[in-house]
Structure formats: C-alpha cells, structure tokens
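Undergrad: Take a look at data_16.tsv, TSV, C-alpha atoms:
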```tsv
chain	number	residue	atom	x	y	z
A	60	MET	CA	-0.29	-19.33	16.86
A	61	TRP	CA	2.73	-17.86	15.11
A	62	PHE	CA	6.21	-18.60	16.38
A	63	ASN	CA	8.52	-15.60	16.63
A	64	ASN	CA	10.44	-16.62	13.56
A	65	GLN	CA	12.37	-13.82	11.82
A	66	GLN	CA	13.01	-15.61	8.53
A	67	TYR	CA	11.17	-13.94	5.66
A	68	ASN	CA	10.97	-17.21	3.70
A	69	LYS	CA	9.84	-19.56	6.47
A	70	LEU	CA	6.51	-19.69	8.29
A	71	VAL	CA	6.12	-21.60	11.56
A	72	TRP	CA	2.69	-22.10	13.15
A	73	LYS	CA	1.53	-24.03	16.24
A	74	ASN	CA	-1.97	-25.43	15.91
A	75	GLU	CA	-3.92	-24.44	19.02
A	76	SER	CA	-7.47	-24.30	17.69
A	77	ARG	CA	-8.76	-27.78	16.83
A	78	ASN	CA	-8.02	-31.08	15.14
A	79	ASP	CA	-8.60	-30.64	11.41
A	80	THR	CA	-7.13	-31.43	8.02
A	81	LEU	CA	-3.95	-29.65	7.00
A	82	LYS	CA	-5.77	-27.90	4.15
A	83	GLN	CA	-8.41	-26.42	6.45
A	84	ILE	CA	-5.82	-25.19	8.98
A	85	LEU	CA	-3.78	-23.56	6.20
A	86	LEU	CA	-6.77	-21.85	4.63
A	87	ASN	CA	-8.88	-20.90	7.64
A	88	ASP	CA	-6.37	-20.39	10.45
A	89	MET	CA	-3.18	-19.27	8.72
A	90	GLY	CA	-4.91	-17.41	5.90
A	91	ILE	CA	-2.93	-19.09	3.12
A	92	SER	CA	-4.43	-18.25	-0.28
A	93	LEU	CA	-5.52	-21.07	-2.59
A	94	ARG	CA	-2.98	-19.96	-5.19
A	95	LEU	CA	-0.10	-20.13	-2.72
A	96	LEU	CA	-1.45	-23.37	-1.25
A	97	TYR	CA	-1.37	-25.14	-4.61
A	98	SER	CA	2.14	-23.86	-5.30
A	99	LEU	CA	3.44	-25.07	-1.94
A	100	LYS	CA	1.65	-28.40	-2.37
A	101	LYS	CA	3.24	-28.90	-5.79
A	102	ASP	CA	6.74	-28.11	-4.46
A	103	LYS	CA	6.21	-30.23	-1.32
A	104	GLN	CA	7.22	-27.41	1.02
A	105	ILE	CA	4.70	-27.93	3.85
A	106	PHE	CA	5.71	-30.00	6.88
A	107	VAL	CA	4.00	-31.03	10.14
A	108	ASN	CA	6.29	-31.95	13.02
A	109	LYS	CA	9.21	-32.02	10.52
A	110	LYS	CA	7.43	-34.54	8.26
A	111	PHE	CA	5.90	-33.93	4.83
A	112	TYR	CA	2.10	-33.95	5.05
A	113	LYS	CA	-0.62	-34.24	2.44
A	114	MET	CA	-3.56	-31.84	2.40
A	115	HIS	CA	-6.12	-34.39	3.62
A	116	GLU	CA	-4.05	-35.56	6.61
A	117	LEU	CA	-5.14	-34.66	10.14
A	118	VAL	CA	-3.33	-31.96	12.12
A	119	ASN	CA	-3.79	-32.25	15.88
A	120	ILE	CA	-3.73	-29.58	18.55
A	121	GLY	CA	-0.12	-28.89	19.49
A	122	ASP	CA	1.31	-29.89	16.10
A	123	ILE	CA	3.86	-27.57	14.47
A	124	ILE	CA	3.37	-26.59	10.82
A	125	GLU	CA	6.42	-25.33	8.90
A	126	ILE	CA	6.26	-23.79	5.43
A	127	ASN	CA	9.29	-23.04	3.27
A	128	LEU	CA	8.51	-20.23	0.84
A	129	PRO	CA	10.40	-20.39	-2.48
A	130	TYR	CA	13.41	-18.27	-3.35
A	131	GLU	CA	12.57	-15.90	-6.20
A	132	ALA	CA	14.55	-13.87	-8.72
A	133	ASN	CA	13.64	-10.33	-9.80
A	134	GLU	CA	13.36	-9.65	-13.52
A	135	TYR	CA	14.55	-6.03	-13.32
A	136	ASP	CA	17.96	-4.50	-12.63
A	137	ALA	CA	19.12	-3.51	-9.16
A	138	GLU	CA	20.05	0.16	-8.77
A	139	ASP	CA	21.57	2.18	-5.95
A	140	MET	CA	18.94	4.50	-4.53
A	141	ASP	CA	18.49	6.44	-1.31
A	142	ILE	CA	15.41	4.79	0.19
A	143	LYS	CA	13.88	5.99	3.45
A	144	LEU	CA	12.89	2.94	5.49
A	145	LEU	CA	10.09	3.69	7.97
A	146	TYR	CA	9.49	0.18	9.34
A	147	GLU	CA	10.62	-3.41	8.80
A	148	ASP	CA	9.81	-6.87	10.12
A	149	ALA	CA	10.15	-10.45	8.87
A	150	ASP	CA	7.34	-10.07	6.33
A	151	LEU	CA	7.46	-6.53	5.04
A	152	MET	CA	9.10	-3.15	4.69
A	153	VAL	CA	7.43	0.25	4.84
A	154	VAL	CA	9.16	2.92	2.78
A	155	GLU	CA	8.57	6.55	1.88
A	156	LYS	CA	8.18	7.36	-1.79
A	157	GLU	CA	9.48	10.68	-3.00
A	158	PRO	CA	7.50	12.64	-5.60
A	159	PHE	CA	8.39	12.16	-9.30
A	160	VAL	CA	9.44	8.54	-8.68
A	161	VAL	CA	7.70	5.75	-10.62
A	162	VAL	CA	6.81	2.84	-8.33
A	163	HIS	CA	7.25	-0.13	-10.68
A	164	PRO	CA	8.98	-0.56	-14.07
A	165	THR	CA	6.80	-0.03	-17.12
A	166	LYS	CA	7.50	0.04	-20.85
A	167	GLY	CA	8.45	3.68	-20.55
A	168	HIS	CA	10.35	3.40	-17.26
A	169	GLN	CA	12.57	0.32	-17.13
A	170	SER	CA	15.03	1.93	-14.71
A	171	GLY	CA	15.09	4.57	-12.01
A	172	THR	CA	11.93	3.23	-10.37
A	173	LEU	CA	11.44	2.58	-6.69
A	174	ALA	CA	11.34	-1.14	-7.44
A	175	ASN	CA	14.85	-0.97	-8.95
A	176	GLY	CA	16.15	0.57	-5.73
A	177	LEU	CA	14.31	-1.98	-3.59
A	178	ILE	CA	15.82	-4.87	-5.55
A	179	LYS	CA	19.25	-3.56	-4.55
A	180	LEU	CA	18.10	-3.17	-0.94
A	181	PHE	CA	16.72	-6.74	-0.94
A	182	LYS	CA	20.04	-8.04	-2.27
A	183	ASP	CA	21.97	-6.15	0.41
A	184	LYS	CA	19.75	-7.77	3.06
A	185	SER	CA	19.99	-11.25	1.43
A	186	ILE	CA	16.26	-11.29	0.69
A	187	ASN	CA	15.71	-13.56	-2.31
A	188	SER	CA	12.18	-12.52	-3.15
A	189	LYS	CA	10.26	-10.57	-5.76
A	190	ILE	CA	9.31	-6.95	-5.12
A	191	ARG	CA	5.61	-6.93	-4.25
A	192	PHE	CA	3.93	-3.60	-3.51
A	193	VAL	CA	0.87	-3.84	-1.30
A	194	ASN	CA	-0.40	-0.36	-2.19
A	195	ARG	CA	0.40	2.06	-5.01
A	196	LEU	CA	0.90	5.79	-5.40
A	197	ASP	CA	0.88	7.88	-8.56
A	198	ARG	CA	4.24	9.04	-9.90
A	199	ASP	CA	3.84	12.58	-8.55
A	200	THR	CA	2.21	11.61	-5.24
A	201	SER	CA	4.50	11.14	-2.26
A	202	GLY	CA	4.07	9.07	0.87
A	203	ILE	CA	3.96	5.65	2.48
A	204	LEU	CA	4.24	2.37	0.60
A	205	ILE	CA	4.25	-1.20	1.92
A	206	VAL	CA	6.51	-3.77	0.28
A	207	ALA	CA	5.89	-7.46	1.05
A	208	LYS	CA	8.94	-9.70	1.43
A	209	ASN	CA	7.06	-12.88	0.57
A	210	SER	CA	3.98	-14.10	-1.29
A	211	TYR	CA	2.16	-14.97	1.94
A	212	CYS	CA	2.34	-11.46	3.36
A	213	HIS	CA	1.37	-9.97	0.00
A	214	SER	CA	-1.73	-12.16	-0.30
A	215	ILE	CA	-2.85	-11.26	3.24
A	216	LEU	CA	-2.33	-7.51	2.94
A	217	THR	CA	-3.66	-7.06	-0.59
A	218	LYS	CA	-6.82	-8.81	0.53
A	219	ASP	CA	-7.08	-6.36	3.44
A	220	ASP	CA	-6.44	-3.44	1.10
A	221	ALA	CA	-9.06	-4.61	-1.36
A	222	MET	CA	-11.56	-4.83	1.49
A	223	HIS	CA	-10.61	-1.29	2.60
A	224	GLU	CA	-9.43	-2.50	5.97
A	225	MET	CA	-6.21	-0.50	5.78
A	226	GLY	CA	-6.37	2.95	7.30
A	227	LYS	CA	-4.96	5.46	4.80
A	228	LYS	CA	-4.74	9.19	5.38
A	229	TYR	CA	-3.52	11.88	3.06
A	230	TYR	CA	-2.58	15.55	3.19
A	231	ALA	CA	-3.67	17.61	0.21
A	232	VAL	CA	-3.61	21.29	-0.70
A	233	VAL	CA	-6.63	22.20	-2.80
A	234	SER	CA	-7.52	25.45	-4.53
A	235	GLY	CA	-9.97	27.76	-2.80
A	236	HIS	CA	-11.87	27.43	0.47
A	237	LEU	CA	-14.45	24.72	1.08
A	238	GLU	CA	-17.85	25.64	2.51
A	239	LYS	CA	-17.69	23.06	5.31
A	240	GLU	CA	-14.94	22.29	7.83
A	241	SER	CA	-15.44	18.58	7.15
A	242	GLY	CA	-17.47	16.49	4.79
A	243	VAL	CA	-17.97	13.39	2.66
A	244	ILE	CA	-17.82	13.22	-1.13
A	245	ASP	CA	-19.81	10.20	-2.31
A	246	LEU	CA	-19.68	10.23	-6.12
A	247	PRO	CA	-19.07	7.31	-8.54
A	248	ILE	CA	-15.94	7.35	-10.69
A	249	ASP	CA	-15.44	5.91	-14.16
A	250	LYS	CA	-12.79	6.01	-16.91
A	251	SER	CA	-12.91	8.84	-19.41
A	252	GLU	CA	-12.77	8.28	-23.16
A	253	ASP	CA	-9.04	9.00	-23.34
A	254	GLY	CA	-8.35	6.14	-20.89
A	255	ILE	CA	-6.00	8.26	-18.78
A	256	ARG	CA	-8.27	10.59	-16.88
A	257	ARG	CA	-11.03	9.50	-14.57
A	258	MET	CA	-14.34	11.31	-14.12
A	259	VAL	CA	-17.45	11.38	-12.00
A	260	SER	CA	-20.11	9.35	-13.80
A	261	GLU	CA	-23.31	7.56	-12.85
A	262	LYS	CA	-21.96	4.53	-14.74
A	263	GLY	CA	-18.86	4.36	-12.54
A	264	GLN	CA	-18.00	2.55	-9.32
A	265	ARG	CA	-18.93	4.02	-5.97
A	266	ALA	CA	-16.19	6.20	-4.47
A	267	VAL	CA	-16.28	7.75	-0.99
A	268	THR	CA	-13.83	10.40	0.22
A	269	ARG	CA	-13.84	11.97	3.69
A	270	TYR	CA	-12.07	15.23	4.46
A	271	LYS	CA	-11.52	17.80	7.16
A	272	VAL	CA	-9.93	21.23	7.00
A	273	ILE	CA	-6.53	21.51	8.70
A	274	ASP	CA	-5.68	25.07	7.71
A	275	LYS	CA	-7.16	27.81	5.55
A	276	LEU	CA	-4.44	29.32	3.38
A	277	LYS	CA	-4.32	32.13	0.83
A	278	GLN	CA	-6.88	31.02	-1.76
A	279	ALA	CA	-6.16	27.41	-0.84
A	280	THR	CA	-6.87	24.86	1.91
A	281	LEU	CA	-4.78	22.19	3.59
A	282	LEU	CA	-6.92	19.06	4.06
A	283	GLU	CA	-6.65	15.74	5.83
A	284	ILE	CA	-8.30	13.08	3.69
A	285	SER	CA	-9.27	9.45	4.26
A	286	LEU	CA	-10.70	7.01	1.75
A	287	GLU	CA	-13.46	4.46	2.16
A	288	THR	CA	-12.82	3.20	-1.36
A	289	GLY	CA	-9.69	3.07	-3.47
A	290	ARG	CA	-10.50	4.18	-7.01
A	291	THR	CA	-7.77	5.37	-9.38
A	292	HIS	CA	-7.18	9.13	-8.96
A	293	GLN	CA	-10.09	9.23	-6.50
A	294	ILE	CA	-8.96	12.23	-4.43
A	295	ARG	CA	-7.91	14.18	-7.50
A	296	VAL	CA	-11.15	13.49	-9.36
A	297	HIS	CA	-13.45	14.24	-6.43
A	298	PHE	CA	-11.97	17.60	-5.50
A	299	SER	CA	-11.67	18.70	-9.11
A	300	HIS	CA	-15.32	17.82	-9.63
A	301	ILE	CA	-16.50	19.98	-6.72
A	302	GLY	CA	-14.44	22.94	-7.95
A	303	HIS	CA	-11.39	22.58	-5.70
A	304	PRO	CA	-8.66	20.82	-7.74
A	305	LEU	CA	-5.40	19.93	-6.05
A	306	VAL	CA	-2.71	22.56	-6.40
A	307	GLY	CA	-0.24	21.44	-9.07
A	308	ASP	CA	-2.55	18.80	-10.57
A	309	GLU	CA	-2.27	19.60	-14.27
A	310	LEU	CA	-4.36	16.61	-15.35
A	311	TYR	CA	-7.40	17.77	-13.37
A	312	GLY	CA	-7.14	21.55	-13.70
A	313	GLY	CA	-4.95	22.47	-10.73
A	314	ASP	CA	-2.90	25.66	-10.48
A	315	MET	CA	0.60	24.88	-11.80
A	316	SER	CA	2.16	28.20	-10.79
A	317	LEU	CA	2.77	27.16	-7.17
A	318	LEU	CA	3.88	23.52	-7.39
A	319	ASN	CA	4.99	21.29	-10.28
A	320	ARG	CA	3.16	18.19	-9.05
A	321	GLN	CA	-0.16	17.46	-7.33
A	322	ALA	CA	-0.01	18.51	-3.69
A	323	LEU	CA	-0.87	15.07	-2.31
A	324	HIS	CA	0.97	13.03	0.32
A	325	CYS	CA	0.01	9.75	2.02
A	326	PHE	CA	1.06	10.51	5.61
A	327	GLU	CA	-0.48	7.64	7.60
A	328	LEU	CA	-1.10	3.99	6.90
A	329	GLY	CA	-2.44	1.31	9.21
A	330	PHE	CA	-2.01	-2.35	8.42
A	331	TYR	CA	-2.20	-5.80	9.97
A	332	SER	CA	1.18	-7.43	10.60
A	333	PRO	CA	0.54	-11.13	9.84
A	334	ARG	CA	3.02	-12.76	12.22
A	335	LYS	CA	2.77	-10.12	14.95
A	336	SER	CA	-1.02	-10.42	14.82
A	337	GLU	CA	-1.48	-6.72	15.51
A	338	ILE	CA	-2.37	-3.48	13.75
A	339	ILE	CA	0.60	-1.21	13.10
A	340	TYR	CA	0.32	2.48	12.22
A	341	ILE	CA	3.10	4.27	10.36
A	342	LYS	CA	3.27	8.05	9.91
A	343	SER	CA	5.24	10.27	7.57
A	344	GLU	CA	5.95	13.98	7.71
A	345	LEU	CA	4.80	16.42	5.06
A	346	PRO	CA	7.52	16.52	2.36
A	347	HIS	CA	9.71	19.57	1.82
A	348	ASP	CA	7.95	20.91	-1.28
A	349	MET	CA	4.52	20.78	0.36
A	350	ARG	CA	5.86	22.35	3.57
A	351	GLU	CA	7.24	25.21	1.48
A	352	LEU	CA	3.93	25.50	-0.35
A	353	VAL	CA	1.96	25.74	2.91
A	354	LYS	CA	4.48	28.26	4.26
A	355	GLU	CA	4.16	30.41	1.14
A	356	LEU	CA	0.36	30.33	1.29
A	357	THR	CA	0.02	30.91	5.05
A	358	PRO	CA	-1.69	34.28	5.67
A	359	THR	CA	0.26	36.96	7.49
A	360	TYR	CA	-1.81	39.15	9.75
```
Show me, as structure tokens, the structure contained in the file I just sent.

TA:
Amino acid sequence: MWFNNQQYNKLVWKNESRNDTLKQILLNDMGISLRLLYSLKKDKQIFVNKKFYKMHELVNIGDIIEINLPYEANEYDAEDMDIKLLYEDADLMVVEKEPFVVVHPTKGHQSGTLANGLIKLFKDKSINSKIRFVNRLDRDTSGILIVAKNSYCHSILTKDDAMHEMGKKYYAVVSGHLEKESGVIDLPIDKSEDGIRRMVSEKGQRAVTRYKVIDKLKQATLLEISLETGRTHQIRVHFSHIGHPLVGDELYGGDMSLLNRQALHCFELGFYSPRKSEIIYIKSELPHDMRELVKELTPTY
C-alpha cells in the first residue's frame, strides 16, 4: 500500500500482502522495473524500516519500504515558455502541447522545444529530474502529453502505453464524408522507402483505428477517433488510405488551403496514477485553429 507521500523522488510502501523477499515485493507488488531495481541496488537506496536491506532478505507484513530516487540533471537548456498545465501530482504532470511545437530536442531542434520549457518549469518547482515523456505527438499535432517526474512513474506508464492500456481519444477533421457514421479501420502499417512516410502494407504491423462521426461539414467531417494500437502516423495513414486525408496534412495528401497543419488534436487521455492507484482521465478543448476551421466549414441552412 502506498503512503500519501508527495515527494517526487521518494517512494514509501507498506507491505500488506505477504512475507516475501525484498526483490519479489519490489518487482511484483510495487511494479519496479528490473532496470530501476539494479540501479537502486547499486546505489544502496532501498530501505526497510529505515535500515538498508539486500534483495534476498525477507520483508514481513507491516514492514515499511522506502526508496530514494536519484537526483538527475537535464542535458538541454532551460527556456521560458508558456506551458498549460492540466494536471499534476507527485509523480507526473499533464500538459497541453500547442501545434508547431517539437516535443523533444533533436539535431535540428536543440531549442524551442516543449522539453526546454519543461526543464525551466521543473527548476522553478525544485524538481531535479530528467524530462521523460510518457506519450508523444507529432510536431503539428496538438493535445495532451504526460510528463513523468521520476524513473519509476515513467517505467510504469510507458509499460501501460505499450500495452495499449491508456485511453486516448482524438478529434480530427478529414476531407469528404465517410459512408458510415462509425467504423473500424484494421490495416497494417509499415515504413515507406523514404523512411519518413508510413503506408498500408501487408508486411507491416497490425494497426486498428476506431472512429465515429461528430459532425458533417462542408466537404469535410469532424471525427472522434480512438486507437487500439499506436503506430507512427497511424491516424494520418489510415484515413489517407481510405480516401479521406486529414485537412492540412501535406505529407499524406490533405487539403492545405484551409489549415497549415494536420487537423488532429488529442483531446482525452486516461492513465493509471501509480501512487493514487486509480485511473485518471484528462480532457482538453479543441484548439483555436481547429475551432475556426470547424466554424468555417459548418453548413449554413
């Protein structure tokens, strides 16, 4: 059982399940990854009842396990940035990414990224930890992102994300009108020869996209989309393949006359809060440019 500890770099757990070795409690009850376990073991940062314990030693029911997570330095520069914070607890932050913002520094974008702004925010909040994104969004896609404050939270939530246990929902404006009010696109996706685009291919990995029509617009449709898999560019590839590319998606044949980026926004995300032991759902409103797009394309009768 987790104690209500609000320190991002300290985990406190009361063993209430059974008598077992420290290693088994850490792995099976607390969900500590093997990688983190070995790091903590090496640094001697795991204690039981205030005493240093070895992995093979017995932990009894009622014992208190304390873990001190290491302080970490970020390798990139901190930059002032207006970041919209949607949710925060001891382990994570949920923020809203604006369109045209790169998530993490790359060779071509060493500054001006969301990570640069978060480093400054971490410093302001005295959080000495690396920036770890749990999910990612393309540069021109807007919406919800989770940022872990420590390696433990990141390992738990990325495992959930990889297993598709997070509930993600998107709004998208696609060209044309779909035949059905709702449906499932189940088509495998693979890399194209140029290495940038993705394409539907029998050689690819399975990709499943669910959608339902929210509003029929002028020669376009507002959709709510959920993913059962998380392939790169999955939504963009699937709707382009069936003849309904996202408005503004130049890479996949979308109409660029109405919007200068793909009309795609992650508006809802559900995730498991490790120390609260509950599912939390965060929602985000449709951004200004997509609201204006929908307004412009709404039929007038």

Undergrad: Any idea what's packed within 12 Å of range 88-103 of chain A, counting only C-alpha atoms, ignoring anything in its chain fewer than 3 positions away? Could you give it as number ranges by chain?

TA: A: 60-61, 69-85, 106-107, 110-115, 124-130, 209-219, 333-334, 336

Undergrad: Keeping only C-alpha atoms, write the selected residues as a PDB file, in the frame of the given file.

TA:
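Dumped everything to result.pdb:
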```pdb
ATOM      1  CA  MET A  60      -0.290 -19.330  16.860  1.00  0.00           C
ATOM      2  CA  TRP A  61       2.730 -17.860  15.110  1.00  0.00           C
ATOM      3  CA  LYS A  69       9.840 -19.560   6.470  1.00  0.00           C
ATOM      4  CA  LEU A  70       6.510 -19.690   8.290  1.00  0.00           C
ATOM      5  CA  VAL A  71       6.120 -21.600  11.560  1.00  0.00           C
ATOM      6  CA  TRP A  72       2.690 -22.100  13.150  1.00  0.00           C
ATOM      7  CA  LYS A  73       1.530 -24.030  16.240  1.00  0.00           C
ATOM      8  CA  ASN A  74      -1.970 -25.430  15.910  1.00  0.00           C
ATOM      9  CA  GLU A  75      -3.920 -24.440  19.020  1.00  0.00           C
ATOM     10  CA  SER A  76      -7.470 -24.300  17.690  1.00  0.00           C
ATOM     11  CA  ARG A  77      -8.760 -27.780  16.830  1.00  0.00           C
ATOM     12  CA  ASN A  78      -8.020 -31.080  15.140  1.00  0.00           C
ATOM     13  CA  ASP A  79      -8.600 -30.640  11.410  1.00  0.00           C
ATOM     14  CA  THR A  80      -7.130 -31.430   8.020  1.00  0.00           C
ATOM     15  CA  LEU A  81      -3.950 -29.650   7.000  1.00  0.00           C
ATOM     16  CA  LYS A  82      -5.770 -27.900   4.150  1.00  0.00           C
ATOM     17  CA  GLN A  83      -8.410 -26.420   6.450  1.00  0.00           C
ATOM     18  CA  ILE A  84      -5.820 -25.190   8.980  1.00  0.00           C
ATOM     19  CA  LEU A  85      -3.780 -23.560   6.200  1.00  0.00           C
ATOM     20  CA  PHE A 106       5.710 -30.000   6.880  1.00  0.00           C
ATOM     21  CA  VAL A 107       4.000 -31.030  10.140  1.00  0.00           C
ATOM     22  CA  LYS A 110       7.430 -34.540   8.260  1.00  0.00           C
ATOM     23  CA  PHE A 111       5.900 -33.930   4.830  1.00  0.00           C
ATOM     24  CA  TYR A 112       2.100 -33.950   5.050  1.00  0.00           C
ATOM     25  CA  LYS A 113      -0.620 -34.240   2.440  1.00  0.00           C
ATOM     26  CA  MET A 114      -3.560 -31.840   2.400  1.00  0.00           C
ATOM     27  CA  HIS A 115      -6.120 -34.390   3.620  1.00  0.00           C
ATOM     28  CA  ILE A 124       3.370 -26.590  10.820  1.00  0.00           C
ATOM     29  CA  GLU A 125       6.420 -25.330   8.900  1.00  0.00           C
ATOM     30  CA  ILE A 126       6.260 -23.790   5.430  1.00  0.00           C
ATOM     31  CA  ASN A 127       9.290 -23.040   3.270  1.00  0.00           C
ATOM     32  CA  LEU A 128       8.510 -20.230   0.840  1.00  0.00           C
ATOM     33  CA  PRO A 129      10.400 -20.390  -2.480  1.00  0.00           C
ATOM     34  CA  TYR A 130      13.410 -18.270  -3.350  1.00  0.00           C
ATOM     35  CA  ASN A 209       7.060 -12.880   0.570  1.00  0.00           C
ATOM     36  CA  SER A 210       3.980 -14.100  -1.290  1.00  0.00           C
ATOM     37  CA  TYR A 211       2.160 -14.970   1.940  1.00  0.00           C
ATOM     38  CA  CYS A 212       2.340 -11.460   3.360  1.00  0.00           C
ATOM     39  CA  HIS A 213       1.370  -9.970   0.000  1.00  0.00           C
ATOM     40  CA  SER A 214      -1.730 -12.160  -0.300  1.00  0.00           C
ATOM     41  CA  ILE A 215      -2.850 -11.260   3.240  1.00  0.00           C
ATOM     42  CA  LEU A 216      -2.330  -7.510   2.940  1.00  0.00           C
ATOM     43  CA  THR A 217      -3.660  -7.060  -0.590  1.00  0.00           C
ATOM     44  CA  LYS A 218      -6.820  -8.810   0.530  1.00  0.00           C
ATOM     45  CA  ASP A 219      -7.080  -6.360   3.440  1.00  0.00           C
ATOM     46  CA  PRO A 333       0.540 -11.130   9.840  1.00  0.00           C
ATOM     47  CA  ARG A 334       3.020 -12.760  12.220  1.00  0.00           C
ATOM     48  CA  SER A 336      -1.020 -10.420  14.820  1.00  0.00           C
TER      49      SER A 336
END
```

Undergrad: Hey, can you check how far CA of Glu337 in chain A sits from CA of Asp150 in chain A?

TA: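 These atoms are spaced 13.2 Å apart.
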
Undergrad: Env of Val306 in chain A: 8 Å cut, atoms = all atoms listed in the file, seq-sep filter 4 positions within chain, self excluded. Answer as a list of chain:residue names.

TA: A:Val232, A:Val233, A:Ser234, A:Gly313, A:Asp314, A:Met315, A:Leu317, A:Leu318, A:Arg320, A:Gln321, A:Ala322

Undergrad: Any idea what the distance is between CA of Lys166 in chain A and CA of Asp197 in chain A?

TA: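 Separation of CA of Lys166 in chain A and CA of Asp197 in chain A: 16.0 Å.
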
Undergrad: Rounded to one decimal, what separation in Å do you get between CA of Ile142 in chain A and CA of Val160 in chain A?

TA: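 According to the coordinates, CA of Ile142 in chain A and CA of Val160 in chain A are separated by 11.3 Å.
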
Undergrad: Got a sec: who's within 12 Å of Ser241 in chain A, counting only C-alpha atoms, leaving out chain neighbours fewer than 4 positions off, as a PyMOL selection string?

TA: chain A and resi 236-237+268-274+280-285

Undergrad: So, counting only C-alpha atoms, which residue among A:Ile205, A:Ala132, A:Val118, A:Ala279 is closest to Pro358 in chain A?

TA: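 Looking only at the distances to Pro358 in chain A, the closest residue turns out to be A:Ala279.
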
Undergrad: Have a look at A:Leu345, A:Cys325, A:Leu204, A:Ile255 and name the one nearest to Leu144 in chain A; count only C-alpha atoms.

TA: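 Of A:Leu345, A:Cys325, A:Leu204, A:Ile255, the one nearest Leu144 in chain A is A:Leu204, counting only C-alpha atoms.
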
Undergrad: So, with all atoms listed in the file as the atoms that count, which of A:Glu155, A:Glu327, A:Asp139, A:Glu344 lies closest to Lys182 in chain A?

TA: A:Asp139

Undergrad: Which one of A:Ala149, A:Leu246, A:Val267, A:Leu305 sits closest to Lys335 in chain A if you count all atoms listed in the file?

TA: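 Of A:Ala149, A:Leu246, A:Val267, A:Leu305, the one nearest Lys335 in chain A, counting all atoms listed in the file, is A:Ala149.
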
Undergrad: Just checking: using only C-alpha atoms, which residue out of A:Leu151, A:Leu323, A:Val353, A:Ala207 ends up closest to Ala231 in chain A?

TA: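 The shortest atom-to-atom distance to Ala231 in chain A comes from A:Leu323.
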
Undergrad: My list of candidates is A:Asp199, A:Asn68, A:Gly312, A:His292. Which is closest to Ser185 in chain A when distances are computed with only C-alpha atoms?

TA: A:Asn68

Undergrad: Please identify all polymer residues within 10 Å of Lys227 in chain A, counting all atoms listed in the file, omitting same-chain residues fewer than 2 positions from it, and present them as a list of chain:residue names.

TA: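 Neighbouring residues, sequence-local ones excluded: A:Ile203, A:Asp220, A:His223, A:Glu224, A:Met225, A:Tyr229, A:Ile284, A:Ser285, A:Leu286, A:Glu287, A:Gly289, A:Cys325, A:Phe326, A:Glu327, A:Leu328, A:Gly329, A:Phe330, A:Tyr340, A:Ile341.
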
Undergrad: Could those selected residues go to a file with C-alpha atoms, as a JSON list (two decimals), in the frame of the given file?

TA:
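result13.json was written with the following content:
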```json
[["chain", "number", "residue", "atom", "x", "y", "z"],
["A", 203, "ILE", "CA", 3.96, 5.65, 2.48],
["A", 220, "ASP", "CA", -6.44, -3.44, 1.10],
["A", 223, "HIS", "CA", -10.61, -1.29, 2.60],
["A", 224, "GLU", "CA", -9.43, -2.50, 5.97],
["A", 225, "MET", "CA", -6.21, -0.50, 5.78],
["A", 229, "TYR", "CA", -3.52, 11.88, 3.06],
["A", 284, "ILE", "CA", -8.30, 13.08, 3.69],
["A", 285, "SER", "CA", -9.27, 9.45, 4.26],
["A", 286, "LEU", "CA", -10.70, 7.01, 1.75],
["A", 287, "GLU", "CA", -13.46, 4.46, 2.16],
["A", 289, "GLY", "CA", -9.69, 3.07, -3.47],
["A", 325, "CYS", "CA", 0.01, 9.75, 2.02],
["A", 326, "PHE", "CA", 1.06, 10.51, 5.61],
["A", 327, "GLU", "CA", -0.48, 7.64, 7.60],
["A", 328, "LEU", "CA", -1.10, 3.99, 6.90],
["A", 329, "GLY", "CA", -2.44, 1.31, 9.21],
["A", 330, "PHE", "CA", -2.01, -2.35, 8.42],
["A", 340, "TYR", "CA", 0.32, 2.48, 12.22],
["A", 341, "ILE", "CA", 3.10, 4.27, 10.36]]
```
